[in-house]
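Engineer: Below is a structure I'd like to ask you about.
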Amino acid sequence: MSPWLVLVAFISAINLAAFTALRGRWDRLLPALAAAAVAGTLAGDAIGGRTGLEVFRIGDFNVVAASVVAQVAMLVVSLLVHLGPAAPGELPPGGRPGRDGSEPDR
């Protein structure tokens, strides 16, 4: 396994843990956030290499650019999930029973 692949996995895991800790929830969105963290880390490293952004590097790996793009990717995934339609029979985030004709609030 190359060091680049190990750094991608390590930086993705750190960003995923930080993002979910700030959200305060470990829910069914975690696999999608993990995929976004990996994709964002890969894209951020490539963008950092192309733009020459060299704030903090480990070898040829642009850590800051990879972390920033990974966080943005996870934020986009989180926002898209909450903006999308709710599944039938499922309450939207922040919704309460009784507002949609089901059992009343008590």
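Identifiers in the structure tokens: chain A, B, ... in order shown; residue index from 1 per chain; ligand index from 1 in order shown.
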List every residue of region 6-97 of chain A that DSSP, applied to the backbone of this structure, assigns to strand (DSSP E), and report them as a count of residues only.

Structural biologist: 4

Engineer: Give me, as number ranges by chain, all polymer residues having an atom no more than 7 Å from region 25-36 of chain A, counting only C-alpha atoms and skipping those fewer than 2 positions away in the same chain.

Structural biologist: A: 16, 20, 23, 38-40, 70, 73-74, 77

Engineer: Taking C-alpha atoms for each residue, export the selection above as a PDB file, in the first residue's frame.

Structural biologist:
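Generated output (again_2.pdb):
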```
ATOM      1  CA  LEU A  16     -15.350  12.283   9.148  1.00  0.00           C
ATOM      2  CA  THR A  20     -19.894  13.860  12.950  1.00  0.00           C
ATOM      3  CA  ARG A  23     -23.063  17.400  14.152  1.00  0.00           C
ATOM      4  CA  VAL A  38     -12.907  10.219   0.702  1.00  0.00           C
ATOM      5  CA  ALA A  39     -13.989  11.974  -2.507  1.00  0.00           C
ATOM      6  CA  GLY A  40     -13.376  15.388  -0.947  1.00  0.00           C
ATOM      7  CA  ALA A  70     -13.541  17.058   2.466  1.00  0.00           C
ATOM      8  CA  ALA A  73     -18.149  17.836   0.497  1.00  0.00           C
ATOM      9  CA  MET A  74     -19.632  16.407   3.698  1.00  0.00           C
ATOM     10  CA  VAL A  77     -24.081  15.889   1.297  1.00  0.00           C
TER      11      VAL A  77
END
```

Engineer: If you measure from CA of Trp4 (chain A) to CA of Phe19 (chain A), what distance in Å do you get, rounded to one decimal?

Structural biologist: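 Distance reported for this atom pair: 22.2 Å.
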
Engineer: Pick the closest to Val64 (chain A) from A:Ile11, A:Ala21, A:Ser2, A:Leu80: which is it, counting only C-alpha atoms?

Structural biologist: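 Result for the nearest residue to Val64 (chain A): A:Ile11.
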
Engineer: Please determine, counting only C-alpha atoms, which residue among A:Asn62, A:Thr41, A:Pro85, A:Gly24 has the shortest atom-to-atom distance to Ser12 (chain A).

Structural biologist: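 Checking each of A:Asn62, A:Thr41, A:Pro85, A:Gly24 against Ser12 (chain A), counting only C-alpha atoms, the winner is A:Thr41.
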